[in-house]
>>> print(open('data-v7.txt').read())   # compact mmCIF, C-alpha atoms and all ligand atoms
# COMPACT_ATOMS: atom_id res chain seq x y z
CA MET A 1 -15.49 0.15 11.30
CA ILE A 2 -12.11 -0.47 9.72
CA THR A 3 -9.21 0.38 12.02
CA LYS A 4 -6.38 -1.84 10.78
CA CYS A 5 -4.03 -1.41 7.89
CA LEU A 6 -1.44 -3.91 6.73
CA PHE A 7 1.84 -2.87 5.15
CA PRO A 8 3.71 -5.67 3.39
CA VAL A 9 7.29 -4.39 3.51
CA ALA A 10 9.42 -7.50 3.25
CA GLY A 11 10.42 -7.05 -0.44
CA TYR A 12 14.03 -6.46 -1.48
CA GLY A 13 13.85 -3.36 -3.68
CA THR A 14 16.37 -4.75 -6.14
CA ARG A 15 15.57 -2.03 -8.67
CA PHE A 16 17.11 0.51 -6.31
CA LEU A 17 20.36 -1.28 -5.63
CA PRO A 18 22.87 -0.30 -4.42
CA ALA A 19 20.76 2.22 -2.40
CA THR A 20 18.68 -0.60 -0.92
CA LYS A 21 21.53 -2.92 -0.04
CA SER A 22 21.40 -2.21 3.68
CA GLN A 23 18.32 -0.01 4.03
CA PRO A 24 14.69 -0.85 3.28
CA LYS A 25 13.32 0.54 0.02
CA GLU A 26 10.36 1.84 2.02
CA MET A 27 12.73 4.19 3.85
CA LEU A 28 13.86 5.94 0.66
CA PRO A 29 12.85 9.58 1.03
CA ILE A 30 10.50 11.46 -1.23
CA VAL A 31 11.95 14.91 -0.55
CA ASN A 32 12.40 14.69 3.26
CA LYS A 33 9.96 11.97 4.29
CA PRO A 34 10.35 8.21 3.84
CA LEU A 35 7.91 6.53 1.47
CA VAL A 36 6.45 4.37 4.22
CA GLN A 37 5.53 7.42 6.29
CA TYR A 38 3.42 8.77 3.42
CA GLY A 39 1.59 5.44 3.44
CA VAL A 40 1.04 5.46 7.21
CA GLU A 41 -0.22 9.05 7.04
CA GLU A 42 -2.68 8.03 4.30
CA ALA A 43 -3.94 5.16 6.49
CA LEU A 44 -4.29 7.45 9.49
CA GLN A 45 -6.16 10.02 7.42
CA ALA A 46 -8.61 7.25 6.52
CA GLY A 47 -9.10 6.42 10.22
CA LEU A 48 -6.91 3.30 10.08
CA SER A 49 -4.63 3.82 13.05
CA ASP A 50 -3.68 0.22 13.87
CA ILE A 51 -0.74 -0.35 11.60
CA GLY A 52 0.61 -3.85 10.99
CA PHE A 53 3.89 -4.36 9.18
CA VAL A 54 4.71 -7.65 7.52
CA THR A 55 8.41 -7.20 7.62
CA GLY A 56 11.56 -9.17 6.92
CA ARG A 57 15.29 -9.30 7.34
CA GLY A 58 17.06 -5.97 7.04
CA LYS A 59 13.96 -3.90 7.75
CA ARG A 60 14.61 -2.75 11.29
CA ALA A 61 14.94 0.87 10.23
CA ILE A 62 11.16 0.91 9.69
CA ALA A 63 10.45 -0.07 13.31
CA ASP A 64 13.01 2.49 14.50
CA HIS A 65 11.40 5.20 12.38
CA PHE A 66 8.02 4.69 14.04
CA ASP A 67 9.49 4.93 17.52
CA ILE A 68 10.92 7.71 19.65
CA ASN A 69 14.62 8.45 19.33
CA TYR A 70 15.27 9.80 22.83
CA GLU A 71 18.76 11.09 22.16
CA LEU A 72 17.65 13.06 19.13
CA GLU A 73 14.52 14.35 20.90
CA HIS A 74 16.64 15.51 23.81
CA GLN A 75 19.21 17.21 21.55
CA ILE A 76 16.73 19.31 19.61
CA GLN A 77 14.21 19.96 22.39
CA GLY A 78 13.30 23.63 22.55
CA THR A 79 15.15 24.48 19.32
CA GLY A 80 13.71 25.57 15.99
CA LYS A 81 14.47 22.09 14.63
CA GLU A 82 11.64 20.43 16.54
CA VAL A 83 9.29 21.37 13.72
CA TYR A 84 11.00 18.78 11.50
CA LEU A 85 9.77 16.01 13.76
CA GLU A 86 6.14 17.15 13.84
CA SER A 87 4.80 14.78 11.21
CA ILE A 88 6.47 11.66 12.57
CA ARG A 89 5.54 12.55 16.16
CA LYS A 90 1.90 12.78 15.06
CA ALA A 91 2.07 9.34 13.43
CA ILE A 92 3.70 7.85 16.54
CA ASP A 93 1.16 9.48 18.88
CA GLU A 94 -1.91 8.53 16.90
CA CYS A 95 -1.08 5.03 15.63
CA THR A 96 -0.20 1.69 17.13
CA PHE A 97 2.43 -0.40 15.33
CA THR A 98 2.70 -4.16 15.21
CA TYR A 99 5.31 -6.22 13.39
CA THR A 100 5.48 -9.74 12.15
CA ARG A 101 8.10 -11.31 9.93
CA GLN A 102 7.60 -12.99 6.60
CA SER A 103 10.49 -15.41 6.59
CA GLU A 104 10.10 -16.53 2.99
CA MET A 105 9.24 -14.39 -0.04
CA LYS A 106 6.32 -16.29 -1.51
CA GLY A 107 4.33 -13.42 -2.99
CA LEU A 108 1.94 -10.67 -1.96
CA GLY A 109 -0.81 -13.16 -1.12
CA HIS A 110 1.58 -14.96 1.22
CA ALA A 111 2.65 -11.65 2.80
CA ILE A 112 -0.97 -10.73 3.49
CA LEU A 113 -1.66 -14.19 4.92
CA THR A 114 1.35 -13.72 7.23
CA GLY A 115 -0.45 -10.65 8.61
CA LYS A 116 -3.48 -12.73 9.66
CA THR A 117 -2.51 -12.88 13.33
CA MET A 118 -2.32 -9.06 13.46
CA ILE A 119 -5.69 -8.57 11.75
CA GLY A 120 -8.01 -11.23 13.13
CA ASP A 121 -11.61 -11.38 11.99
CA GLN A 122 -12.24 -7.91 10.64
CA PRO A 123 -12.00 -6.01 7.37
CA PHE A 124 -8.69 -4.21 6.85
CA GLY A 125 -6.77 -2.00 4.47
CA VAL A 126 -3.59 -2.93 2.64
CA ILE A 127 -1.12 -0.31 1.47
CA LEU A 128 1.88 -1.08 -0.72
CA ALA A 129 4.08 1.83 0.25
CA ASP A 130 6.02 1.96 -3.00
CA ASP A 131 2.83 3.07 -4.73
CA LEU A 132 2.69 6.66 -3.49
CA CYS A 133 -0.82 8.10 -3.77
CA CYS A 134 -1.53 11.80 -3.49
CA ASP A 135 -5.01 13.21 -3.07
CA ASP A 136 -5.58 16.41 -1.16
CA GLU A 137 -9.11 15.60 -0.03
CA ASP A 138 -9.68 12.19 1.59
CA GLY A 139 -6.58 10.33 0.47
CA VAL A 140 -7.05 7.23 -1.69
CA MET A 141 -7.55 4.88 1.30
CA GLY A 142 -10.06 7.38 2.71
CA GLN A 143 -12.03 7.23 -0.52
CA MET A 144 -12.01 3.43 -0.36
CA VAL A 145 -13.17 3.31 3.27
CA LYS A 146 -16.20 5.41 2.29
CA LEU A 147 -16.99 2.93 -0.47
CA TYR A 148 -16.51 -0.01 1.88
CA ASN A 149 -19.07 1.46 4.26
CA GLN A 150 -21.52 1.40 1.38
CA PHE A 151 -20.74 -2.00 -0.20
CA ARG A 152 -19.20 -4.09 2.63
CA CYS A 153 -17.02 -6.15 0.30
CA SER A 154 -13.37 -6.23 -0.77
CA ILE A 155 -12.30 -3.26 -2.88
CA VAL A 156 -9.25 -2.77 -5.09
CA ALA A 157 -8.04 0.59 -6.38
CA ILE A 158 -7.51 0.65 -10.14
CA GLU A 159 -6.00 2.91 -12.75
CA GLU A 160 -5.92 2.76 -16.55
CA VAL A 161 -2.44 1.89 -17.78
CA PRO A 162 -1.01 1.73 -21.31
CA MET A 163 -1.79 -1.70 -22.77
CA GLU A 164 1.93 -2.53 -23.08
CA GLU A 165 2.28 -2.30 -19.28
CA THR A 166 -0.35 -4.87 -18.29
CA SER A 167 2.32 -7.44 -17.42
CA LYS A 168 3.38 -5.31 -14.42
CA TYR A 169 -0.01 -5.45 -12.68
CA GLY A 170 -3.05 -7.39 -11.64
CA ILE A 171 -5.63 -6.57 -14.33
CA VAL A 172 -9.37 -6.55 -13.72
CA GLU A 173 -12.40 -6.95 -15.89
CA GLY A 174 -15.71 -5.79 -14.53
CA GLU A 175 -19.24 -4.68 -14.94
CA ASN A 176 -19.39 -0.89 -14.86
CA ILE A 177 -21.82 -0.01 -12.07
CA LYS A 178 -21.40 3.73 -12.11
CA GLU A 179 -18.76 6.28 -13.02
CA GLY A 180 -15.41 4.88 -11.87
CA LEU A 181 -16.84 1.81 -10.14
CA TYR A 182 -16.82 -1.77 -11.40
CA ARG A 183 -18.03 -5.05 -10.03
CA VAL A 184 -15.15 -7.42 -10.74
CA THR A 185 -15.92 -10.39 -12.98
CA ASN A 186 -12.36 -11.44 -13.79
CA MET A 187 -8.85 -10.74 -12.54
CA VAL A 188 -5.52 -11.84 -13.99
CA GLU A 189 -2.09 -11.37 -12.44
CA LYS A 190 0.46 -9.76 -14.77
CA PRO A 191 -1.00 -10.84 -18.13
CA LYS A 192 0.79 -10.17 -21.41
CA PRO A 193 -0.96 -7.36 -23.31
CA GLU A 194 -2.50 -9.84 -25.77
CA GLU A 195 -3.97 -11.82 -22.88
CA ALA A 196 -5.11 -8.90 -20.72
CA PRO A 197 -8.88 -8.57 -20.33
CA SER A 198 -8.60 -4.76 -20.06
CA ASN A 199 -6.13 -2.03 -19.19
CA LEU A 200 -7.56 -1.52 -15.69
CA ALA A 201 -4.62 -2.18 -13.38
CA VAL A 202 -4.77 -2.81 -9.64
CA ILE A 203 -2.54 -0.41 -7.73
CA GLY A 204 -1.25 -0.89 -4.21
CA ARG A 205 -4.41 -0.11 -2.22
CA TYR A 206 -6.87 -2.76 -1.09
CA ILE A 207 -9.65 -3.18 1.42
CA LEU A 208 -10.10 -6.85 2.18
CA THR A 209 -12.77 -8.74 4.07
CA PRO A 210 -11.30 -11.30 6.49
CA ASP A 211 -12.57 -14.36 4.61
CA ILE A 212 -9.62 -13.61 2.31
CA PHE A 213 -7.35 -15.43 4.80
CA GLU A 214 -9.17 -18.73 4.54
CA ILE A 215 -9.04 -18.42 0.73
CA LEU A 216 -5.33 -17.54 0.76
CA GLU A 217 -4.60 -20.58 2.93
CA ARG A 218 -5.65 -22.82 0.07
CA THR A 219 -4.63 -20.64 -2.90
CA PRO A 220 -1.92 -22.46 -4.88
CA PRO A 221 1.06 -20.57 -6.28
CA GLY A 222 0.09 -18.68 -9.45
CA ALA A 223 1.98 -16.22 -11.65
CA ASN A 224 5.75 -16.25 -10.94
CA GLY A 225 5.26 -19.30 -8.70
CA GLU A 226 3.98 -16.97 -5.96
CA ILE A 227 0.78 -16.94 -3.92
CA GLN A 228 -1.13 -14.10 -5.51
CA ILE A 229 -3.71 -11.90 -3.80
CA THR A 230 -5.21 -11.49 -7.29
CA ASP A 231 -6.15 -15.20 -7.39
CA ALA A 232 -7.75 -15.07 -3.93
CA LEU A 233 -9.68 -11.93 -4.86
CA LEU A 234 -10.97 -13.62 -8.00
CA GLU A 235 -12.47 -16.35 -5.84
CA GLN A 236 -14.12 -13.71 -3.65
CA ALA A 237 -15.43 -12.00 -6.76
CA LYS A 238 -16.91 -15.23 -8.11
CA ASN A 239 -18.55 -16.30 -4.85
CA GLY A 240 -19.54 -12.90 -3.58
CA CYS A 241 -18.47 -9.46 -4.57
CA VAL A 242 -15.30 -7.45 -5.20
CA MET A 243 -15.39 -3.84 -6.32
CA ALA A 244 -12.76 -2.10 -8.42
CA TYR A 245 -12.57 1.62 -7.90
CA LYS A 246 -10.95 4.23 -10.13
CA PHE A 247 -9.58 6.45 -7.42
CA ARG A 248 -9.29 10.22 -7.44
CA GLY A 249 -5.77 11.59 -7.22
CA LYS A 250 -2.30 10.80 -8.49
CA ARG A 251 -0.28 7.64 -8.06
CA PHE A 252 3.43 7.18 -8.54
CA ASP A 253 5.16 3.83 -8.92
CA CYS A 254 8.07 4.54 -6.60
CA GLY A 255 9.34 1.00 -7.13
CA SER A 256 10.71 2.30 -10.44
CA ILE A 257 13.35 4.98 -10.84
CA ASP A 258 11.19 7.08 -13.19
CA GLY A 259 8.16 6.96 -10.87
CA TYR A 260 10.35 7.81 -7.91
CA ILE A 261 11.76 10.88 -9.66
CA ASP A 262 8.27 11.99 -10.77
CA ALA A 263 6.98 11.59 -7.19
CA THR A 264 9.91 13.56 -5.84
CA ASN A 265 9.30 16.43 -8.26
CA PHE A 266 5.56 16.40 -7.60
CA CYS A 267 5.92 16.39 -3.81
CA TYR A 268 8.60 19.05 -3.93
CA GLU A 269 6.41 21.35 -6.03
CA ASN A 270 3.13 20.68 -4.21
CA TYR A 271 3.94 19.97 -0.57
CA TYR A 272 7.38 21.22 0.21
CA LYS A 273 8.01 24.55 -1.52
C1 LIG B 301 1.46 -6.42 -6.77
C2 LIG B 301 0.22 -7.22 -7.15
C3 LIG B 301 -0.38 -6.69 -8.45
C4 LIG B 301 -0.64 -5.20 -8.33
C5 LIG B 301 0.64 -4.45 -7.88
C6 LIG B 301 0.34 -3.00 -7.58
O1 LIG B 301 2.47 -6.69 -7.71
O2 LIG B 301 0.57 -8.59 -7.27
O3 LIG B 301 -1.57 -7.36 -8.74
O4 LIG B 301 -1.10 -4.70 -9.57
O5 LIG B 301 1.19 -5.04 -6.70
O6 LIG B 301 1.51 -2.29 -7.26
P1 LIG B 301 4.02 -6.32 -7.43
O7 LIG B 301 4.17 -4.87 -7.80
O8 LIG B 301 4.27 -6.60 -5.99
O9 LIG B 301 4.80 -7.20 -8.36
>>> encode(input="data-v7.txt", output="structure tokens")
Amino acid sequence: MITKCLFPVAGYGTRFLPATKSQPKEMLPIVNKPLVQYGVEEALQAGLSDIGFVTGRGKRAIADHFDINYELEHQIQGTGKEVYLESIRKAIDECTFTYTRQSEMKGLGHAILTGKTMIGDQPFGVILADDLCCDDEDGVMGQMVKLYNQFRCSIVAIEEVPMEETSKYGIVEGENIKEGLYRVTNMVEKPKPEEAPSNLAVIGRYILTPDIFEILERTPPGANGEIQITDALLEQAKNGCVMAYKFRGKRFDCGSIDGYIDATNFCYENYYK
């Protein structure tokens, strides 16, 4: 059973400056809830209640968010305002939270490797909170956990993107096993459109088997001079199996202003009103 989910949250969020100068980008609200809380709720919905944050300097607001604020609780106790805290209280009650710091920014692969001590020797989920995924049934991570129980190998969530955007993503090539499911044969991190093997882009949801750590330990820096999870996954795919899954639902790139606005409008219309 998968119970752990890793959240790499050490990144700077430069695209949202000055908003992210002194607050983590993961705490930016989509309507009235911070991005990272949507991610934690998706993990919890999938049964992943042990949450591990790979955090960094300037990210303390995340740890404070997933903790009780006694003064505030006391102030609003018994008033009509308590309802506003329901969702975060549920997350705090039902999850455990662990934190470790990534002291150097050496890429997503490095961030995941930093989480090794929190994960140990078991399969785990990874959620990149700035990819907001909305699915009213199982949640995207929930869909992936079901697949994991069937295939028992690493799984990446994918989405078709316009060919001119391949250089923003890890791109996979695979053998189509059934509708929406591929067995990965190749993976390239942020290829130029003319070098991309397809337009199937990895989005910020992964299930990884723990042998990924040993691979990451010896994965040299790749694209951008960073240790890439894409490169480690390609090794897993070549020596064993990695599945790429076209998820059901909507995904917003909240690391970009346009995606953030789209997510805000969507969540306002569908969940808030
Ligand atoms: C990371 C991964 C990339 C993936 C993307 C999804 O890139 O390296 O393979 O497609 O997340 O959001 P980043 O967005 O951190 O540059």
>>> residues_near_ligand(input="data-v7.txt", ligand="ligand LIG 301 (chain B)", cutoff="7 Å", atoms="only C-alpha atoms and all ligand atoms", output="PyMOL selection string")
chain A and resi 108+128+131+168-171+189-190+201-204+228-230
>>> residues_around(input="data-v7.txt", residues="segment 212-223 of chain A", least_positions_apart="4", cutoff="8 Å", atoms="all atoms listed in the file", output="ChimeraX atom specification")
/A:109-110,113,116,189-190,208,227-229,231-233,235-236
>>> atom_distance(input="data-v7.txt", atom1="atom CA of Cys267 of chain A", atom2="atom CA of Ile30 of chain A")
7.2 Å
>>> residues_near_point(input="data-v7.txt", point="(-15.2, -1.6, 0.5)", cutoff="10 Å", atoms="all atoms listed in the file", output="ChimeraX atom specification")
/A:2,123-125,143-156,206-209,241-245
>>> atom_distance(input="data-v7.txt", atom1="atom CA of Pro191 of chain A", atom2="atom CA of Glu165 of chain A")
9.2 Å
>>> closest_residue(input="data-v7.txt", among="A:Leu28, A:Leu181, A:Ala63, A:Met118", to="Lys4 of chain A", atoms="only C-alpha atoms")
A:Met118
>>> closest_residue(input="data-v7.txt", among="A:Val54, A:Ile92, A:Val161, A:Ile257", to="Ala19 of chain A", atoms="all atoms listed in the file")
A:Ile257
>>> closest_residue(input="data-v7.txt", among="A:Pro210, A:Gly139, A:Pro24, A:Pro18", to="Gly39 of chain A", atoms="only C-alpha atoms")
A:Gly139
>>> residues_around(input="data-v7.txt", residues="Tyr99 of chain A", least_positions_apart="3", cutoff="12 Å", atoms="all atoms listed in the file", output="CSV table (one decimal) with C-alpha atoms, in the coordinates of the input")
chain,number,residue,atom,x,y,z
A,5,CYS,CA,-4.0,-1.4,7.9
A,6,LEU,CA,-1.4,-3.9,6.7
A,7,PHE,CA,1.8,-2.9,5.2
A,8,PRO,CA,3.7,-5.7,3.4
A,9,VAL,CA,7.3,-4.4,3.5
A,10,ALA,CA,9.4,-7.5,3.2
A,50,ASP,CA,-3.7,0.2,13.9
A,51,ILE,CA,-0.7,-0.4,11.6
A,52,GLY,CA,0.6,-3.8,11.0
A,53,PHE,CA,3.9,-4.4,9.2
A,54,VAL,CA,4.7,-7.6,7.5
A,55,THR,CA,8.4,-7.2,7.6
A,56,GLY,CA,11.6,-9.2,6.9
A,59,LYS,CA,14.0,-3.9,7.8
A,60,ARG,CA,14.6,-2.8,11.3
A,62,ILE,CA,11.2,0.9,9.7
A,63,ALA,CA,10.4,-0.1,13.3
A,64,ASP,CA,13.0,2.5,14.5
A,66,PHE,CA,8.0,4.7,14.0
A,96,THR,CA,-0.2,1.7,17.1
A,102,GLN,CA,7.6,-13.0,6.6
A,114,THR,CA,1.4,-13.7,7.2
A,115,GLY,CA,-0.4,-10.6,8.6
A,116,LYS,CA,-3.5,-12.7,9.7
A,117,THR,CA,-2.5,-12.9,13.3
A,118,MET,CA,-2.3,-9.1,13.5
A,119,ILE,CA,-5.7,-8.6,11.8
>>> closest_residue(input="data-v7.txt", among="A:Cys133, A:Glu26, A:Glu71, A:Gln77", to="Glu42 of chain A", atoms="only C-alpha atoms")
A:Cys133
>>> closest_residue(input="data-v7.txt", among="A:Ala111, A:Ser256, A:Arg248, A:Lys33", to="Gly13 of chain A", atoms="only C-alpha atoms")
A:Ser256
>>> closest_residue(input="data-v7.txt", among="A:Gln45, A:Asn224, A:Thr185, A:Thr98", to="Asp67 of chain A", atoms="only C-alpha atoms")
A:Thr98
>>> residues_around(input="data-v7.txt", residues="Tyr260 of chain A", least_positions_apart="6", cutoff="12 Å", atoms="all atoms listed in the file", output="compact mmCIF listing (two decimals) with C-alpha atoms, in the coordinates of the input")
# COMPACT_ATOMS: atom_id res chain seq x y z
CA ARG A 15 15.57 -2.03 -8.67
CA PHE A 16 17.11 0.51 -6.31
CA LYS A 25 13.32 0.54 0.02
CA GLU A 26 10.36 1.84 2.02
CA LEU A 28 13.86 5.94 0.66
CA PRO A 29 12.85 9.58 1.03
CA ILE A 30 10.50 11.46 -1.23
CA VAL A 31 11.95 14.91 -0.55
CA PRO A 34 10.35 8.21 3.84
CA LEU A 35 7.91 6.53 1.47
CA ALA A 129 4.08 1.83 0.25
CA ASP A 130 6.02 1.96 -3.00
CA ASP A 131 2.83 3.07 -4.73
CA LEU A 132 2.69 6.66 -3.49
CA CYS A 133 -0.82 8.10 -3.77
CA ARG A 251 -0.28 7.64 -8.06
CA PHE A 252 3.43 7.18 -8.54
CA ASP A 253 5.16 3.83 -8.92
CA CYS A 254 8.07 4.54 -6.60
CA PHE A 266 5.56 16.40 -7.60
CA CYS A 267 5.92 16.39 -3.81
>>> atom_distance(input="data-v7.txt", atom1="atom CA of Arg57 of chain A", atom2="atom CA of Phe97 of chain A")
17.6 Å
